[in-house]
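Read through the structure below, which is laid out as structure tokens, and then see the notes.
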Amino acid sequence: MKKFVPAAICIAAVSLTVHARAATPIRVMLLDGQSGGPYHAWQQTTPVLKKELEETGLFQVTVVTAPQSGGDFSAFHPDFAAYRAIVMNYDAPDWPAPLKTQFEQYIKNGGGLVIVHAADNSFGTWPAYNRMIGIGGWRGRNESSGPLWYYKDNKLVSDPTAGSAGAHGARLPFAVTTRAAAHPIMKGLPPIWMHAGDELYATLRGPGENMTVLATAHSELSNKGTDHDEPMLMVLKYGSGRVFHTTMGHDVAALSCVGFMTTFQRGTEWAATGKVTQKIPAIFPNFNTITFRADLAPSK
């Protein structure tokens with residue numbers, strides 16, 4: 001059987017609808033500063049994430065760059081409470097205890113949190129963070145961190161099988177399947193849509209408390225996968241705080257996908273306010289097409 005190859009449609013920035021600037025913009029902290037190696041270039045992805053939020057007209061984004069884990073945190077005193085949500089584009093093993101306590105209290109007291117891709121690799125031994133994000137990978141996570149989570153027979157499965165957490169194959173396009181169509185972030189999105197080439201995270205583990213899986217993607221055996229429908233988009237509650245978690249977004253090319261961009265924008269608004277006011281763009285991808293932003297994709 002011939003393998004289906006979706007069409008790729010390149011969209012110029014001018015074809016997208018940009019909202020008028022909100023009278024009172026939603027203040028967002030975009031926190032970066034470390035990656036788990038040479039694989040997640042936050043210096044390249046942070047400007048794209050910032051642009052995608054700000055061009056909606058809803059958000060005012062401040063980039064805050066944290067020190068490297070184990071570095072000097074004596075002058076790092078972020079005012080989390082000044083922001084409606086924190087977007088994590090940050091992959092680090094640990095923080096000083098006082099900073100972790102401050103962060104926990106911010107989320108418990110109603111702050112919003114957005115986890116983008118490798119941010120779910122961070123802080124493998126921080127119990128509160130693992131409850132915030134639901135599931136994560138790498139950084140020493142294993143069965144003691146929680147079960148595997150995936151969909152099987154259209155139901156969310158909690159699998160206690162032992163093993164390390166975190167895996168992916170080559171960066172290829174994949175289909176994303178909606179699992180919670182009524183949720184504000186997902187309302188109006190197609191049941192299935194194509195995401196541009198990206199790392200499809202699999203074998204993620206965690207407590208999975210107060211977690212709703214919004215969308216999954218099938219991890220193909222032919223691409224070093226699990227043959228499971230793996231969580232791609234999730235929402236969680238932590239205290240009074242709301243968390244939106246996307247495992248997509250490895251690099252600028254993946255961030256340029258209109259599917260990623262739209263769910264990221266909508267997820268950030270939901271984490272900050274509990275509502276989504278943004279419309280689905282007419283150019284949102286479907287099962288037959290991948291759409292991406294020409295102005296964000298790397299130049300050839």
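Order determines the names: the first chain of the structure tokens is A, the second B, and so forth; residues in each chain are numbered 1 upward, and ligands are numbered 1 upward as they are shown.
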
Which residues of stretch 239-265 of chain A come within 9 Å of stretch 87-109 of chain A, and for each one, what is the closest pair of atoms and their distance in Å to one decimal, counting only C-alpha atoms, sorted by chain and residue number, as JSON lines?
{"residue": "A:Gly239", "atom": "CA", "partner": "A:Lys108", "partner_atom": "CA", "distance": 4.2}
{"residue": "A:Ser240", "atom": "CA", "partner": "A:Lys108", "partner_atom": "CA", "distance": 5.2}
{"residue": "A:Gly241", "atom": "CA", "partner": "A:Ile107", "partner_atom": "CA", "distance": 4.8}
{"residue": "A:Arg242", "atom": "CA", "partner": "A:Ile107", "partner_atom": "CA", "distance": 7.6}
{"residue": "A:Val243", "atom": "CA", "partner": "A:Ile107", "partner_atom": "CA", "distance": 8.6}

Write the residues of the preceding selection, restricted to C-alpha atoms, as a compact mmCIF listing (two decimals), in the first residue's frame.
# COMPACT_ATOMS: atom_id res chain seq x y z
CA GLY A 239 -4.48 23.97 43.46
CA SER A 240 -6.33 26.94 41.96
CA GLY A 241 -3.92 27.09 39.01
CA ARG A 242 -4.51 25.98 35.43
CA VAL A 243 -1.84 24.18 33.39

Notebook entry, point to check: Do you know which residues are at most 8 Å from stretch 151-161 of chain A counting only C-alpha atoms, after dropping those on the same chain fewer than 3 positions away, and could you put them as a PyMOL selection string?
Noted result: chain A and resi 143+146-148+216+228-231

What does the file look like for those residues with N, CA and C atoms, as a PDB file, in the first residue's frame?
ATOM      1  N   GLU A 143       9.590   4.248  36.663  1.00  0.00           N
ATOM      2  CA  GLU A 143       8.310   3.824  37.246  1.00  0.00           C
ATOM      3  C   GLU A 143       8.023   4.452  38.602  1.00  0.00           C
ATOM      4  N   GLY A 146       5.850   7.557  38.326  1.00  0.00           N
ATOM      5  CA  GLY A 146       4.446   7.379  37.985  1.00  0.00           C
ATOM      6  C   GLY A 146       4.300   6.434  36.809  1.00  0.00           C
ATOM      7  N   PRO A 147       3.080   6.089  36.474  1.00  0.00           N
ATOM      8  CA  PRO A 147       2.852   5.163  35.357  1.00  0.00           C
ATOM      9  C   PRO A 147       3.027   5.837  34.003  1.00  0.00           C
ATOM     10  N   LEU A 148       3.085   5.016  32.971  1.00  0.00           N
ATOM     11  CA  LEU A 148       2.953   5.487  31.600  1.00  0.00           C
ATOM     12  C   LEU A 148       1.489   5.865  31.363  1.00  0.00           C
ATOM     13  N   THR A 216      -4.112  13.367  21.105  1.00  0.00           N
ATOM     14  CA  THR A 216      -3.082  12.324  21.065  1.00  0.00           C
ATOM     15  C   THR A 216      -2.524  12.215  19.641  1.00  0.00           C
ATOM     16  N   HIS A 228       1.357   3.115  20.507  1.00  0.00           N
ATOM     17  CA  HIS A 228       0.308   3.679  21.353  1.00  0.00           C
ATOM     18  C   HIS A 228      -0.081   5.068  20.836  1.00  0.00           C
ATOM     19  N   ASP A 229      -1.276   5.482  21.220  1.00  0.00           N
ATOM     20  CA  ASP A 229      -1.715   6.851  20.982  1.00  0.00           C
ATOM     21  C   ASP A 229      -1.248   7.689  22.174  1.00  0.00           C
ATOM     22  N   GLU A 230      -0.205   8.457  21.955  1.00  0.00           N
ATOM     23  CA  GLU A 230       0.479   9.171  23.034  1.00  0.00           C
ATOM     24  C   GLU A 230      -0.113  10.563  23.257  1.00  0.00           C
ATOM     25  N   PRO A 231      -0.189  11.022  24.504  1.00  0.00           N
ATOM     26  CA  PRO A 231      -0.707  12.366  24.773  1.00  0.00           C
ATOM     27  C   PRO A 231       0.164  13.447  24.134  1.00  0.00           C
TER      28      PRO A 231
END

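Shortest separation to A:Gln60 among A:Pro281, A:Pro47, A:Gly267, A:Pro25 occurs at residue A:Pro25, atoms counted being only C-alpha atoms.
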
Find the residues around A:His250 up to 9 Å (only C-alpha atoms counted), leave out those fewer than 5 positions away in its own chain, and share them as a compact mmCIF listing (two decimals) with C-alpha atoms, in the first residue's frame.
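For reference, part-v9.txt as written:
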# COMPACT_ATOMS: atom_id res chain seq x y z
CA TYR A 39 18.94 19.72 21.10
CA HIS A 40 16.62 22.50 22.29
CA ALA A 41 17.85 25.90 21.14
CA THR A 45 12.56 29.25 19.82
CA VAL A 116 6.19 23.62 25.91
CA HIS A 117 7.92 20.46 24.68
CA ALA A 118 11.24 19.99 26.55
CA ARG A 171 11.10 14.34 13.32
CA ASP A 198 8.34 17.22 15.06
CA GLU A 199 9.46 14.91 17.82
CA LEU A 255 6.63 26.01 16.05

Notebook entry, point to check: Quick one: of A:Gly134, A:Gly140, A:Pro285, A:Gly124, who's nearest to A:Glu209, counting only C-alpha atoms?
Noted result: A:Gly134

So which bits of stretch 49-297 of chain A end up strand (DSSP E) when you DSSP the backbone, as a PDB file with N, CA and C atoms, in the first residue's frame?
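What follows is the written file result-v5.pdb:
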ATOM      1  N   PHE A  59      -1.754  39.426  24.461  1.00  0.00           N
ATOM      2  CA  PHE A  59      -0.715  39.178  25.455  1.00  0.00           C
ATOM      3  C   PHE A  59       0.381  40.238  25.421  1.00  0.00           C
ATOM      4  N   GLN A  60       0.904  40.524  26.582  1.00  0.00           N
ATOM      5  CA  GLN A  60       2.137  41.294  26.734  1.00  0.00           C
ATOM      6  C   GLN A  60       3.162  40.351  27.337  1.00  0.00           C
ATOM      7  N   VAL A  61       4.203  40.021  26.576  1.00  0.00           N
ATOM      8  CA  VAL A  61       5.142  38.965  26.955  1.00  0.00           C
ATOM      9  C   VAL A  61       6.466  39.558  27.405  1.00  0.00           C
ATOM     10  N   THR A  62       6.921  39.130  28.575  1.00  0.00           N
ATOM     11  CA  THR A  62       8.231  39.500  29.090  1.00  0.00           C
ATOM     12  C   THR A  62       9.097  38.252  29.142  1.00  0.00           C
ATOM     13  N   VAL A  63      10.240  38.277  28.478  1.00  0.00           N
ATOM     14  CA  VAL A  63      11.166  37.145  28.513  1.00  0.00           C
ATOM     15  C   VAL A  63      12.038  37.264  29.757  1.00  0.00           C
ATOM     16  N   VAL A  64      12.075  36.201  30.544  1.00  0.00           N
ATOM     17  CA  VAL A  64      12.914  36.125  31.742  1.00  0.00           C
ATOM     18  C   VAL A  64      13.850  34.942  31.563  1.00  0.00           C
ATOM     19  N   THR A  65      15.144  35.190  31.586  1.00  0.00           N
ATOM     20  CA  THR A  65      16.137  34.140  31.376  1.00  0.00           C
ATOM     21  C   THR A  65      16.735  33.738  32.714  1.00  0.00           C
ATOM     22  N   ALA A  85       0.235  34.254  33.617  1.00  0.00           N
ATOM     23  CA  ALA A  85       0.687  32.913  33.246  1.00  0.00           C
ATOM     24  C   ALA A  85       2.187  32.934  33.007  1.00  0.00           C
ATOM     25  N   ILE A  86       2.803  31.770  33.197  1.00  0.00           N
ATOM     26  CA  ILE A  86       4.220  31.556  32.909  1.00  0.00           C
ATOM     27  C   ILE A  86       4.325  30.502  31.819  1.00  0.00           C
ATOM     28  N   VAL A  87       5.003  30.835  30.731  1.00  0.00           N
ATOM     29  CA  VAL A  87       5.283  29.882  29.663  1.00  0.00           C
ATOM     30  C   VAL A  87       6.700  29.372  29.875  1.00  0.00           C
ATOM     31  N   MET A  88       6.828  28.054  30.028  1.00  0.00           N
ATOM     32  CA  MET A  88       8.130  27.443  30.292  1.00  0.00           C
ATOM     33  C   MET A  88       8.737  26.913  28.999  1.00  0.00           C
ATOM     34  N   GLY A 112      -1.309  30.761  36.044  1.00  0.00           N
ATOM     35  CA  GLY A 112      -1.358  29.867  34.904  1.00  0.00           C
ATOM     36  C   GLY A 112       0.032  29.373  34.540  1.00  0.00           C
ATOM     37  N   LEU A 113       0.098  28.195  33.974  1.00  0.00           N
ATOM     38  CA  LEU A 113       1.366  27.592  33.562  1.00  0.00           C
ATOM     39  C   LEU A 113       1.193  26.939  32.201  1.00  0.00           C
ATOM     40  N   VAL A 114       2.158  27.196  31.305  1.00  0.00           N
ATOM     41  CA  VAL A 114       2.178  26.578  29.985  1.00  0.00           C
ATOM     42  C   VAL A 114       3.509  25.849  29.830  1.00  0.00           C
ATOM     43  N   ILE A 115       3.439  24.567  29.554  1.00  0.00           N
ATOM     44  CA  ILE A 115       4.611  23.713  29.386  1.00  0.00           C
ATOM     45  C   ILE A 115       4.782  23.430  27.903  1.00  0.00           C
ATOM     46  N   VAL A 116       5.923  23.834  27.331  1.00  0.00           N
ATOM     47  CA  VAL A 116       6.186  23.622  25.906  1.00  0.00           C
ATOM     48  C   VAL A 116       7.303  22.608  25.740  1.00  0.00           C
ATOM     49  N   LEU A 148       3.085   5.016  32.971  1.00  0.00           N
ATOM     50  CA  LEU A 148       2.953   5.487  31.600  1.00  0.00           C
ATOM     51  C   LEU A 148       1.489   5.865  31.363  1.00  0.00           C
ATOM     52  N   TRP A 149       1.268   6.856  30.495  1.00  0.00           N
ATOM     53  CA  TRP A 149      -0.094   7.264  30.153  1.00  0.00           C
ATOM     54  C   TRP A 149      -0.230   7.288  28.635  1.00  0.00           C
ATOM     55  N   TYR A 150      -1.281   6.627  28.116  1.00  0.00           N
ATOM     56  CA  TYR A 150      -1.557   6.653  26.685  1.00  0.00           C
ATOM     57  C   TYR A 150      -3.003   6.225  26.459  1.00  0.00           C
ATOM     58  N   TYR A 151      -3.470   6.432  25.248  1.00  0.00           N
ATOM     59  CA  TYR A 151      -4.816   6.002  24.885  1.00  0.00           C
ATOM     60  C   TYR A 151      -4.765   4.611  24.251  1.00  0.00           C
ATOM     61  N   LYS A 152      -5.728   3.794  24.636  1.00  0.00           N
ATOM     62  CA  LYS A 152      -5.903   2.479  24.025  1.00  0.00           C
ATOM     63  C   LYS A 152      -7.398   2.197  23.961  1.00  0.00           C
ATOM     64  N   LYS A 155      -9.619   4.948  25.208  1.00  0.00           N
ATOM     65  CA  LYS A 155      -9.661   5.237  26.641  1.00  0.00           C
ATOM     66  C   LYS A 155      -8.250   5.532  27.144  1.00  0.00           C
ATOM     67  N   LEU A 156      -8.155   6.450  28.121  1.00  0.00           N
ATOM     68  CA  LEU A 156      -6.865   6.772  28.716  1.00  0.00           C
ATOM     69  C   LEU A 156      -6.433   5.638  29.638  1.00  0.00           C
ATOM     70  N   VAL A 157      -5.210   5.152  29.428  1.00  0.00           N
ATOM     71  CA  VAL A 157      -4.665   4.006  30.164  1.00  0.00           C
ATOM     72  C   VAL A 157      -3.547   4.484  31.085  1.00  0.00           C
ATOM     73  N   SER A 158      -3.533   3.981  32.287  1.00  0.00           N
ATOM     74  CA  SER A 158      -2.446   4.181  33.243  1.00  0.00           C
ATOM     75  C   SER A 158      -1.704   2.856  33.355  1.00  0.00           C
ATOM     76  N   ASP A 159      -0.472   2.819  32.861  1.00  0.00           N
ATOM     77  CA  ASP A 159       0.267   1.570  32.701  1.00  0.00           C
ATOM     78  C   ASP A 159       1.469   1.564  33.651  1.00  0.00           C
ATOM     79  N   LEU A 172       9.149  13.688  12.050  1.00  0.00           N
ATOM     80  CA  LEU A 172       8.302  13.492  10.879  1.00  0.00           C
ATOM     81  C   LEU A 172       6.935  14.121  11.133  1.00  0.00           C
ATOM     82  N   PRO A 173       6.193  14.447  10.066  1.00  0.00           N
ATOM     83  CA  PRO A 173       4.809  14.889  10.278  1.00  0.00           C
ATOM     84  C   PRO A 173       3.972  13.773  10.905  1.00  0.00           C
ATOM     85  N   PHE A 174       2.961  14.153  11.670  1.00  0.00           N
ATOM     86  CA  PHE A 174       2.059  13.146  12.237  1.00  0.00           C
ATOM     87  C   PHE A 174       0.676  13.739  12.445  1.00  0.00           C
ATOM     88  N   ALA A 175      -0.302  12.833  12.492  1.00  0.00           N
ATOM     89  CA  ALA A 175      -1.689  13.239  12.681  1.00  0.00           C
ATOM     90  C   ALA A 175      -1.989  13.388  14.171  1.00  0.00           C
ATOM     91  N   VAL A 176      -2.686  14.464  14.528  1.00  0.00           N
ATOM     92  CA  VAL A 176      -3.107  14.746  15.898  1.00  0.00           C
ATOM     93  C   VAL A 176      -4.611  14.508  15.981  1.00  0.00           C
ATOM     94  N   THR A 177      -5.040  13.699  16.945  1.00  0.00           N
ATOM     95  CA  THR A 177      -6.447  13.342  17.115  1.00  0.00           C
ATOM     96  C   THR A 177      -7.019  14.027  18.345  1.00  0.00           C
ATOM     97  N   THR A 178      -8.099  14.748  18.156  1.00  0.00           N
ATOM     98  CA  THR A 178      -8.773  15.421  19.266  1.00  0.00           C
ATOM     99  C   THR A 178      -9.437  14.398  20.173  1.00  0.00           C
ATOM    100  N   ILE A 192      -9.223  15.418  13.420  1.00  0.00           N
ATOM    101  CA  ILE A 192      -7.853  14.977  13.126  1.00  0.00           C
ATOM    102  C   ILE A 192      -7.203  16.051  12.258  1.00  0.00           C
ATOM    103  N   TRP A 193      -5.963  16.413  12.596  1.00  0.00           N
ATOM    104  CA  TRP A 193      -5.222  17.385  11.780  1.00  0.00           C
ATOM    105  C   TRP A 193      -3.749  17.013  11.773  1.00  0.00           C
ATOM    106  N   MET A 194      -3.070  17.461  10.710  1.00  0.00           N
ATOM    107  CA  MET A 194      -1.673  17.112  10.523  1.00  0.00           C
ATOM    108  C   MET A 194      -0.761  18.166  11.154  1.00  0.00           C
ATOM    109  N   HIS A 195       0.203  17.689  11.918  1.00  0.00           N
ATOM    110  CA  HIS A 195       1.239  18.552  12.494  1.00  0.00           C
ATOM    111  C   HIS A 195       2.516  18.389  11.687  1.00  0.00           C
ATOM    112  N   ALA A 196       3.230  19.490  11.498  1.00  0.00           N
ATOM    113  CA  ALA A 196       4.487  19.467  10.746  1.00  0.00           C
ATOM    114  C   ALA A 196       5.523  18.602  11.454  1.00  0.00           C
ATOM    115  N   GLY A 197       6.617  18.291  10.775  1.00  0.00           N
ATOM    116  CA  GLY A 197       7.640  17.409  11.328  1.00  0.00           C
ATOM    117  C   GLY A 197       8.098  17.835  12.717  1.00  0.00           C
ATOM    118  N   ASP A 198       8.061  16.906  13.658  1.00  0.00           N
ATOM    119  CA  ASP A 198       8.343  17.220  15.058  1.00  0.00           C
ATOM    120  C   ASP A 198       8.700  15.921  15.770  1.00  0.00           C
ATOM    121  N   MET A 211      -5.712  15.460  35.389  1.00  0.00           N
ATOM    122  CA  MET A 211      -5.249  15.650  34.011  1.00  0.00           C
ATOM    123  C   MET A 211      -6.330  15.250  33.017  1.00  0.00           C
ATOM    124  N   THR A 212      -6.561  16.107  32.028  1.00  0.00           N
ATOM    125  CA  THR A 212      -7.430  15.799  30.896  1.00  0.00           C
ATOM    126  C   THR A 212      -6.594  15.830  29.631  1.00  0.00           C
ATOM    127  N   VAL A 213      -6.556  14.736  28.912  1.00  0.00           N
ATOM    128  CA  VAL A 213      -5.822  14.683  27.643  1.00  0.00           C
ATOM    129  C   VAL A 213      -6.720  15.268  26.554  1.00  0.00           C
ATOM    130  N   LEU A 214      -6.235  16.312  25.915  1.00  0.00           N
ATOM    131  CA  LEU A 214      -6.997  16.994  24.868  1.00  0.00           C
ATOM    132  C   LEU A 214      -6.785  16.382  23.494  1.00  0.00           C
ATOM    133  N   ALA A 215      -5.581  15.852  23.240  1.00  0.00           N
ATOM    134  CA  ALA A 215      -5.258  15.327  21.919  1.00  0.00           C
ATOM    135  C   ALA A 215      -4.129  14.314  22.029  1.00  0.00           C
ATOM    136  N   THR A 216      -4.112  13.367  21.105  1.00  0.00           N
ATOM    137  CA  THR A 216      -3.082  12.324  21.065  1.00  0.00           C
ATOM    138  C   THR A 216      -2.524  12.215  19.641  1.00  0.00           C
ATOM    139  N   ALA A 217      -1.416  11.477  19.513  1.00  0.00           N
ATOM    140  CA  ALA A 217      -0.862  11.122  18.209  1.00  0.00           C
ATOM    141  C   ALA A 217      -0.315   9.706  18.300  1.00  0.00           C
ATOM    142  N   HIS A 218      -0.435   8.964  17.220  1.00  0.00           N
ATOM    143  CA  HIS A 218      -0.005   7.568  17.236  1.00  0.00           C
ATOM    144  C   HIS A 218       1.502   7.475  17.039  1.00  0.00           C
ATOM    145  N   ASP A 229      -1.276   5.482  21.220  1.00  0.00           N
ATOM    146  CA  ASP A 229      -1.715   6.851  20.982  1.00  0.00           C
ATOM    147  C   ASP A 229      -1.248   7.689  22.174  1.00  0.00           C
ATOM    148  N   GLU A 230      -0.205   8.457  21.955  1.00  0.00           N
ATOM    149  CA  GLU A 230       0.479   9.171  23.034  1.00  0.00           C
ATOM    150  C   GLU A 230      -0.113  10.563  23.257  1.00  0.00           C
ATOM    151  N   PRO A 231      -0.189  11.022  24.504  1.00  0.00           N
ATOM    152  CA  PRO A 231      -0.707  12.366  24.773  1.00  0.00           C
ATOM    153  C   PRO A 231       0.164  13.447  24.134  1.00  0.00           C
ATOM    154  N   MET A 232      -0.500  14.371  23.455  1.00  0.00           N
ATOM    155  CA  MET A 232       0.181  15.515  22.839  1.00  0.00           C
ATOM    156  C   MET A 232      -0.198  16.825  23.517  1.00  0.00           C
ATOM    157  N   LEU A 233      -1.465  16.976  23.869  1.00  0.00           N
ATOM    158  CA  LEU A 233      -1.981  18.177  24.519  1.00  0.00           C
ATOM    159  C   LEU A 233      -2.752  17.770  25.765  1.00  0.00           C
ATOM    160  N   MET A 234      -2.500  18.458  26.870  1.00  0.00           N
ATOM    161  CA  MET A 234      -3.162  18.154  28.141  1.00  0.00           C
ATOM    162  C   MET A 234      -3.485  19.440  28.873  1.00  0.00           C
ATOM    163  N   VAL A 235      -4.478  19.371  29.745  1.00  0.00           N
ATOM    164  CA  VAL A 235      -4.720  20.428  30.727  1.00  0.00           C
ATOM    165  C   VAL A 235      -4.798  19.778  32.099  1.00  0.00           C
ATOM    166  N   LEU A 236      -4.390  20.553  33.117  1.00  0.00           N
ATOM    167  CA  LEU A 236      -4.372  20.044  34.491  1.00  0.00           C
ATOM    168  C   LEU A 236      -4.759  21.153  35.446  1.00  0.00           C
ATOM    169  N   LYS A 237      -5.170  20.748  36.624  1.00  0.00           N
ATOM    170  CA  LYS A 237      -5.387  21.671  37.732  1.00  0.00           C
ATOM    171  C   LYS A 237      -4.345  21.368  38.803  1.00  0.00           C
ATOM    172  N   TYR A 238      -3.789  22.440  39.365  1.00  0.00           N
ATOM    173  CA  TYR A 238      -2.871  22.305  40.499  1.00  0.00           C
ATOM    174  C   TYR A 238      -3.260  23.385  41.494  1.00  0.00           C
ATOM    175  N   GLY A 241      -4.583  26.753  40.268  1.00  0.00           N
ATOM    176  CA  GLY A 241      -3.922  27.086  39.013  1.00  0.00           C
ATOM    177  C   GLY A 241      -4.318  26.180  37.869  1.00  0.00           C
ATOM    178  N   ARG A 242      -4.224  26.722  36.659  1.00  0.00           N
ATOM    179  CA  ARG A 242      -4.506  25.978  35.432  1.00  0.00           C
ATOM    180  C   ARG A 242      -3.204  25.753  34.669  1.00  0.00           C
ATOM    181  N   VAL A 243      -3.047  24.547  34.125  1.00  0.00           N
ATOM    182  CA  VAL A 243      -1.836  24.183  33.386  1.00  0.00           C
ATOM    183  C   VAL A 243      -2.235  23.680  32.003  1.00  0.00           C
ATOM    184  N   PHE A 244      -1.601  24.225  30.975  1.00  0.00           N
ATOM    185  CA  PHE A 244      -1.707  23.702  29.610  1.00  0.00           C
ATOM    186  C   PHE A 244      -0.347  23.143  29.227  1.00  0.00           C
ATOM    187  N   HIS A 245      -0.330  21.911  28.742  1.00  0.00           N
ATOM    188  CA  HIS A 245       0.908  21.189  28.448  1.00  0.00           C
ATOM    189  C   HIS A 245       0.852  20.691  27.007  1.00  0.00           C
ATOM    190  N   THR A 246       1.792  21.166  26.178  1.00  0.00           N
ATOM    191  CA  THR A 246       1.952  20.644  24.827  1.00  0.00           C
ATOM    192  C   THR A 246       3.311  19.972  24.712  1.00  0.00           C
ATOM    193  N   THR A 289      -3.737  18.168   4.997  1.00  0.00           N
ATOM    194  CA  THR A 289      -2.774  19.238   4.763  1.00  0.00           C
ATOM    195  C   THR A 289      -2.013  19.601   6.028  1.00  0.00           C
ATOM    196  N   ILE A 290      -0.774  20.021   5.829  1.00  0.00           N
ATOM    197  CA  ILE A 290       0.041  20.664   6.855  1.00  0.00           C
ATOM    198  C   ILE A 290       0.136  22.133   6.459  1.00  0.00           C
ATOM    199  N   THR A 291      -0.183  23.030   7.371  1.00  0.00           N
ATOM    200  CA  THR A 291      -0.009  24.451   7.083  1.00  0.00           C
ATOM    201  C   THR A 291       1.003  25.041   8.034  1.00  0.00           C
ATOM    202  N   PHE A 292       1.885  25.892   7.501  1.00  0.00           N
ATOM    203  CA  PHE A 292       2.919  26.462   8.348  1.00  0.00           C
ATOM    204  C   PHE A 292       3.202  27.888   7.913  1.00  0.00           C
ATOM    205  N   ARG A 293       3.760  28.646   8.836  1.00  0.00           N
ATOM    206  CA  ARG A 293       4.048  30.049   8.647  1.00  0.00           C
ATOM    207  C   ARG A 293       5.370  30.225   7.915  1.00  0.00           C
TER     208      ARG A 293
END

Note to self: Between A:Arg179, A:Lys51, A:Lys275, A:Arg27, which residue has the minimum interatomic distance to A:Ser256, considering only C-alpha atoms?
What the structure shows: A:Lys51

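A straight line drawn from atom CA of A:Asp295 to atom CA of A:Arg266 is 20.4 Å long.
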